[in-house]
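Presented below is the structure to which this report refers.
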Amino acid sequence: MRKIFFALLGLSLLCGWGLSARAQGQARADLYPADASGFPTISAFLDVWDGSGRFVSGLKPGDLAALEDGQPLPVQELNEMTVPAQIVVAVNPGPSLGTRDSQGITRFQRIVQTLNAWAQALPADTPDDLSLVTIAGPIISHASAKDWLVSLNSFQPDFRATTPNLQSLSIAIDTVSIPTPRVGMKRAILFITPHMDDPNIDSLMASLIERAVQNRVHVFVWFVDTDLYAATTSAASFNMLASQTGGEFFSATANSVQYPNPDSYFAPLRRMYSVKYNSAVVSGGSHTFSVDIKSPVGEIKSNEQTFNIDIQPPNPIFVSPPLQIVRHAPEDDPYNDKVLVPAAQEINIIVEFPDGHKRDLVSTTLYVDGQIVAENKTAPFDTFTWDLSNYNLSGDHKILVEAVDVMGLSKTSMEIPVTVTVIQPPRGAAAFFARYRQYITIGAVSFAGLALLLILFMGSLRNTFARRRAAQQAQGDPLTQPVIAVVEAPVAEKTTKGGRSATAKATTRRRVEAPAYLQRLTADLQAAPVKPIPLGEKEITFGSDPVQSTYVLDDPSLAPRHARLTQNEDGNYLLADAGTIAGTWVNFEPIGKESRLLQHGDVVHFGQLAFRFELKNPPAQAEPKINKENPAE
């Protein structure tokens, strides 16, 4: 009768505590600190638990909404992932653990067999953090499964000489409450215990439950004893411990009981979610982040996390911008007044993100003198083509570029001055004939050839008719008949003392010739039908201003004082540019203000005008040497 009374009393206590634990249970979501290093993408880890402390699996991105500074934003990614767990097996020794079955195997040996099978089957890619403790303290702490098994199989306590108490549970909570080595690791205790006769077990258990709840420790209890103690106060207290901390209670009151696989407890604890969303903040500073969840167990709101972010607009920078652009007629058609080259200029930029958060761009825009001349709304955003076809007059301009990112932040670069110089080709009749000289020459030669053929043909006909008429007249004229004539020897012509013919003697005046010349060339680098420029002075300046130049060249591409030609003591000629826009060129290479030595045959350009430098007495060219080889046998 007494046994029945205690059984009913324990059962009532057990049911009452169990109902209380279930009533107090509430679904929750634990949000870990947010990571803003990938801004504008914000990421964090998330745990979702139902009212009984079980992990809620299978959520989709549409089930969540990110709250950033109180504003809902869609979740872009939600991945359920596996993480290791921090597990402590705590053994509370007592006589009942040493009870043997019919095969002579103790209850604790059965437990060790179950734990061996579990530990050997643990996945290697997610190694759990394992510890083993007893009332005397930790036997092994934070070890791998392999090392932990060695300690478990070596543990041989004297169960009959030990009185059960809660010391091993307290040590287990301390052991598992240290900071986890990896974000998202869950804490769990498998508490193996017989019944306890401590009258203060309720108050002692309440303190341990509070510590476990504060440290998010899930406690799973294996109550190992006889049927007599299945409904005692201590059994009810252990059941409450499991339910209040999100664990489970298992009663093993028979020797042949089959213990559950511990991984059924710990597998859900190895789950967590990775959450990512695109931030909408456009200003730096501190911001809040939480998650609202619609789950099968109801709507859940997570705790709130704070993150700090530095946000600055993108910074566009020019890469090697042109400081001067020279437009002129094409090289192969220097008198073309309709087409100027280049027709366009490529502008390159780079876009930096001073806040360190690289993100996509929406557009980049090139401005010239405040007007849009090119715009990129799709990649590539770092190249522009500036159309120059409407720039027909020289002038100074200012360019800048603007960049806009996906957050709507924009910034313009500093202004860069660019000078556009337009060299107009010569115009008028002279330019027309110079441009089409080749065709005019061919036409004139062709016309002269036809006229000459016609004249020769007509003259041939006239001579033929004249010979026929003269022959007819000569047949009847005796004066035209052939006679024998005496031919006298020629008298030698008298010569003067100097050996020249007296009749051919004449005086000639020797002219003074320059040692070098500049021969004017056409567009196709042929000699122009004009007199060459003699270079007989030690210094000659060329230009369009007769006041500033020794030799005036009438061409709009020339500066008032364009170039300077000097002759040194060795008789060599040195040419230098006077810092002009169109420039001075030797053999199609621009020269600066430093003198350039001229060689016989060099092609010289003053702006658009071309000349060939020729020496009166050019240096002799070396004759090629030919090696004669023996003829083949």
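Starting from 1 in every chain, residues are counted up; chains themselves are A, B, ... following the order of the structure tokens, and ligands are numbered from 1 as listed.
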Just the residues within 10 Å of His142 (chain A), please, counting only C-alpha atoms, with nothing from its chain fewer than 3 positions along; format it as number ranges by chain. A: 86-88, 128-132, 145, 147-148, 175-176
Okay, now the selection with N, CA, C and O atoms, as a short mmCIF file (atom, residue, chain, number, x, y, z; two decimals), in the first residue's frame?
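result.cif, freshly written:
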data_model
loop_
_atom_site.label_atom_id
_atom_site.label_comp_id
_atom_site.auth_asym_id
_atom_site.auth_seq_id
_atom_site.Cartn_x
_atom_site.Cartn_y
_atom_site.Cartn_z
N GLN A 86 28.66 20.94 -29.24
CA GLN A 86 29.49 20.82 -28.05
C GLN A 86 28.71 19.94 -27.06
O GLN A 86 27.66 20.34 -26.54
N ILE A 87 29.22 18.70 -26.81
CA ILE A 87 28.47 17.69 -26.07
C ILE A 87 29.29 17.22 -24.87
O ILE A 87 30.49 16.95 -24.98
N VAL A 88 28.60 17.11 -23.72
CA VAL A 88 29.20 16.58 -22.49
C VAL A 88 28.36 15.39 -22.02
O VAL A 88 27.13 15.50 -21.90
N ASP A 128 32.37 16.86 -33.60
CA ASP A 128 31.80 17.42 -32.37
C ASP A 128 32.89 17.64 -31.32
O ASP A 128 33.96 17.03 -31.36
N ASP A 129 32.60 18.55 -30.41
CA ASP A 129 33.47 18.83 -29.28
C ASP A 129 32.94 18.01 -28.10
O ASP A 129 31.87 18.30 -27.55
N LEU A 130 33.67 16.94 -27.68
CA LEU A 130 33.16 15.98 -26.70
C LEU A 130 33.92 16.07 -25.38
O LEU A 130 35.14 16.28 -25.36
N SER A 131 33.15 15.90 -24.28
CA SER A 131 33.73 15.89 -22.93
C SER A 131 33.04 14.77 -22.14
O SER A 131 31.90 14.38 -22.42
N LEU A 132 33.76 14.27 -21.11
CA LEU A 132 33.24 13.25 -20.20
C LEU A 132 33.55 13.69 -18.77
O LEU A 132 34.71 13.95 -18.43
N ALA A 145 36.29 12.56 -31.09
CA ALA A 145 35.56 11.32 -30.78
C ALA A 145 36.53 10.19 -30.48
O ALA A 145 36.28 9.36 -29.59
N ASP A 147 39.65 10.27 -29.14
CA ASP A 147 40.24 10.39 -27.81
C ASP A 147 39.17 10.22 -26.73
O ASP A 147 39.43 9.66 -25.65
N TRP A 148 37.99 10.71 -27.02
CA TRP A 148 36.91 10.61 -26.04
C TRP A 148 36.55 9.14 -25.78
O TRP A 148 36.28 8.75 -24.64
N THR A 175 31.46 23.00 -17.88
CA THR A 175 32.35 22.57 -18.98
C THR A 175 31.81 23.00 -20.34
O THR A 175 32.57 23.44 -21.22
N VAL A 176 30.50 22.91 -20.53
CA VAL A 176 29.92 23.20 -21.84
C VAL A 176 29.57 24.67 -22.02
O VAL A 176 29.20 25.10 -23.12
#
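We find CA of Asn572 (chain A) and CA of Leu597 (chain A) to be spaced 7.2 Å apart.
CA of Gly592 (chain A) lies 26.9 Å from CA of Pro619 (chain A).
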Would you list, as a PyMOL selection string, the residues of region 56-223 of chain A that end up in alpha helix (DSSP H) under DSSP run on this structure's backbone? chain A and resi 107-120+145-154+167-176+201-214
Take the residues that were just selected and, keeping C-alpha atoms, output them as an mmCIF file, in the first residue's frame.
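Saved file selection-v8.cif follows:
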data_model
loop_
_atom_site.group_PDB
_atom_site.id
_atom_site.type_symbol
_atom_site.label_atom_id
_atom_site.label_comp_id
_atom_site.auth_asym_id
_atom_site.auth_seq_id
_atom_site.Cartn_x
_atom_site.Cartn_y
_atom_site.Cartn_z
ATOM 1 C CA ARG A 107 23.752 -1.383 -16.792
ATOM 2 C CA PHE A 108 26.654 1.034 -17.232
ATOM 3 C CA GLN A 109 28.408 -1.423 -19.590
ATOM 4 C CA ARG A 110 25.243 -1.462 -21.713
ATOM 5 C CA ILE A 111 25.346 2.314 -21.766
ATOM 6 C CA VAL A 112 29.034 2.276 -22.791
ATOM 7 C CA GLN A 113 28.198 -0.092 -25.675
ATOM 8 C CA THR A 114 25.539 2.354 -26.923
ATOM 9 C CA LEU A 115 27.864 5.337 -26.588
ATOM 10 C CA ASN A 116 30.670 3.483 -28.406
ATOM 11 C CA ALA A 117 28.424 2.728 -31.373
ATOM 12 C CA TRP A 118 27.276 6.355 -31.458
ATOM 13 C CA ALA A 119 30.731 7.932 -31.217
ATOM 14 C CA GLN A 120 32.223 5.631 -33.855
ATOM 15 C CA ALA A 145 35.564 11.324 -30.783
ATOM 16 C CA LYS A 146 38.609 9.066 -30.978
ATOM 17 C CA ASP A 147 40.236 10.392 -27.807
ATOM 18 C CA TRP A 148 36.906 10.612 -26.040
ATOM 19 C CA LEU A 149 36.225 6.897 -26.679
ATOM 20 C CA VAL A 150 39.557 5.953 -25.110
ATOM 21 C CA SER A 151 38.617 7.825 -21.911
ATOM 22 C CA LEU A 152 35.088 6.378 -21.866
ATOM 23 C CA ASN A 153 36.305 2.778 -22.149
ATOM 24 C CA SER A 154 38.923 3.408 -19.460
ATOM 25 C CA GLN A 167 27.907 17.550 -8.737
ATOM 26 C CA SER A 168 28.527 15.901 -12.113
ATOM 27 C CA LEU A 169 25.627 17.886 -13.685
ATOM 28 C CA SER A 170 26.989 21.163 -12.281
ATOM 29 C CA ILE A 171 30.479 20.354 -13.622
ATOM 30 C CA ALA A 172 28.980 19.456 -17.010
ATOM 31 C CA ILE A 173 27.162 22.827 -17.261
ATOM 32 C CA ASP A 174 30.415 24.653 -16.438
ATOM 33 C CA THR A 175 32.349 22.574 -18.983
ATOM 34 C CA VAL A 176 29.922 23.198 -21.840
ATOM 35 C CA ILE A 201 16.700 18.134 -4.925
ATOM 36 C CA ASP A 202 13.957 20.546 -6.089
ATOM 37 C CA SER A 203 15.790 23.701 -5.014
ATOM 38 C CA LEU A 204 19.139 22.388 -6.216
ATOM 39 C CA MET A 205 17.629 21.417 -9.562
ATOM 40 C CA ALA A 206 15.984 24.835 -10.020
ATOM 41 C CA SER A 207 19.374 26.544 -9.793
ATOM 42 C CA LEU A 208 20.925 24.142 -12.306
ATOM 43 C CA ILE A 209 18.011 24.550 -14.723
ATOM 44 C CA GLU A 210 18.426 28.348 -14.590
ATOM 45 C CA ARG A 211 22.130 28.090 -15.399
ATOM 46 C CA ALA A 212 21.473 25.700 -18.273
ATOM 47 C CA VAL A 213 18.747 27.926 -19.763
ATOM 48 C CA GLN A 214 20.940 31.051 -19.524
#
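Pairwise distance (CA of Ala280 (chain A), CA of Ile317 (chain A)) equals 26.0 Å.
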Ser595 (chain A) environment, 10 Å, only C-alpha atoms, sequence neighbours closer than 3 positions dropped, as an NGL selection string: :A and (564-566 or 573-577 or 591-592 or 598)
Let's have the selection written as a tab-separated table (two decimals), in the first residue's frame, with C-alpha atoms.
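Contents of the output file selection-v8.tsv:
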chain	number	residue	atom	x	y	z
A	564	ARG	CA	65.02	77.66	-86.89
A	565	LEU	CA	67.78	76.19	-89.12
A	566	THR	CA	71.45	76.75	-88.22
A	573	TYR	CA	72.64	71.73	-90.55
A	574	LEU	CA	70.60	71.62	-87.33
A	575	LEU	CA	66.80	72.09	-87.29
A	576	ALA	CA	64.69	72.96	-84.20
A	577	ASP	CA	60.97	73.67	-83.64
A	591	ILE	CA	61.07	67.24	-83.11
A	592	GLY	CA	61.12	69.60	-80.15
A	598	LEU	CA	69.66	66.87	-90.96
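Nearest to Pro199 (chain A) of all the residues A:Thr419, A:Leu366, A:Asn165, A:Gln26 is A:Asn165, based on only C-alpha atoms.
Between Arg270 (chain A) and the candidates A:Gln312, A:Thr82, A:Thr412, A:Thr232, the tightest atom-to-atom separation, counting only C-alpha atoms, involves A:Thr82.
For the set A:Phe457, A:Phe223, A:Phe39, A:Tyr391, the residue with the smallest atom-to-atom gap to Val282 (chain A) is A:Phe39, counting only C-alpha atoms.
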Please provide as a ChimeraX atom specification all residues within 8 Å of Ser302 (chain A), with the sequence filter that same-chain residues fewer than 2 positions apart are discarded (counting only C-alpha atoms). /A:28-31,290-293,300,304
Could you write out the selected residues, including C-alpha atoms, as a compact mmCIF listing (two decimals), in the first residue's frame?
# COMPACT_ATOMS: atom_id res chain seq x y z
CA ARG A 28 12.03 31.31 -30.42
CA ALA A 29 14.60 32.42 -33.01
CA ASP A 30 18.19 33.19 -32.08
CA LEU A 31 19.91 35.63 -34.48
CA SER A 290 16.16 41.29 -36.97
CA VAL A 291 14.11 38.57 -38.66
CA ASP A 292 10.37 37.82 -38.72
CA ILE A 293 9.58 34.16 -39.38
CA ILE A 300 8.40 34.04 -34.53
CA GLU A 304 17.72 42.27 -32.68
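Remark: for Leu521 (chain A), the closest of the candidate residues A:Pro546, A:Gly601, A:Pro354, A:Pro296 is A:Gly601 (distances computed over only C-alpha atoms).
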Write out as a ChimeraX atom specification each polymer residue whose atoms come within 7 Å of Trp386 (chain A), counting only C-alpha atoms; drop sequence neighbours fewer than 6 positions from it. /A:344-346,373-374
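The neighbours of region 375-377 of chain A here are the residues that come within 6 Å of it, using only C-alpha atoms and leaving out any residue fewer than 5 positions away in the same chain; they are Ser363, Thr364 and Thr365 of chain A.
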Can I get the selected residues back with N, CA, C and O atoms, as a PDB file, in the first residue's frame?
ATOM      1  N   SER A 363      25.207  53.415 -63.822  1.00  0.00           N
ATOM      2  CA  SER A 363      25.551  54.211 -65.001  1.00  0.00           C
ATOM      3  C   SER A 363      26.825  54.994 -64.736  1.00  0.00           C
ATOM      4  O   SER A 363      27.190  55.265 -63.586  1.00  0.00           O
ATOM      5  N   THR A 364      27.489  55.364 -65.835  1.00  0.00           N
ATOM      6  CA  THR A 364      28.588  56.335 -65.826  1.00  0.00           C
ATOM      7  C   THR A 364      28.345  57.296 -66.985  1.00  0.00           C
ATOM      8  O   THR A 364      27.901  56.873 -68.062  1.00  0.00           O
ATOM      9  N   THR A 365      28.627  58.586 -66.770  1.00  0.00           N
ATOM     10  CA  THR A 365      28.302  59.617 -67.754  1.00  0.00           C
ATOM     11  C   THR A 365      29.508  60.530 -67.946  1.00  0.00           C
ATOM     12  O   THR A 365      30.129  60.950 -66.965  1.00  0.00           O
TER      13      THR A 365
END
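Distances here use only C-alpha atoms; by that measure, the residue among A:Ala231, A:Phe155, A:Val420, A:Tyr273 closest to Arg327 (chain A) is A:Val420.
With only C-alpha atoms as the basis for measurement, A:Ala267 is the residue among A:Ala44, A:Leu73, A:Ala90, A:Ala267 that approaches Pro123 (chain A) most closely.
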May I have the residues within 9 Å of Leu525 (chain A) as a ChimeraX atom specification, using only C-alpha atoms and disregarding those fewer than 5 positions away in the same chain? /A:520,603,610-612
Run DSSP on the backbone and grab whatever in region 100-346 of chain A lands in strand (DSSP E); send it over as a VMD selection string. chain A and resid 129 to 134 137 to 143 186 to 193 217 to 224 249 to 252 271 to 278 285 to 295 298 to 301 305 to 309 315 to 319 324 to 327 344 to 346
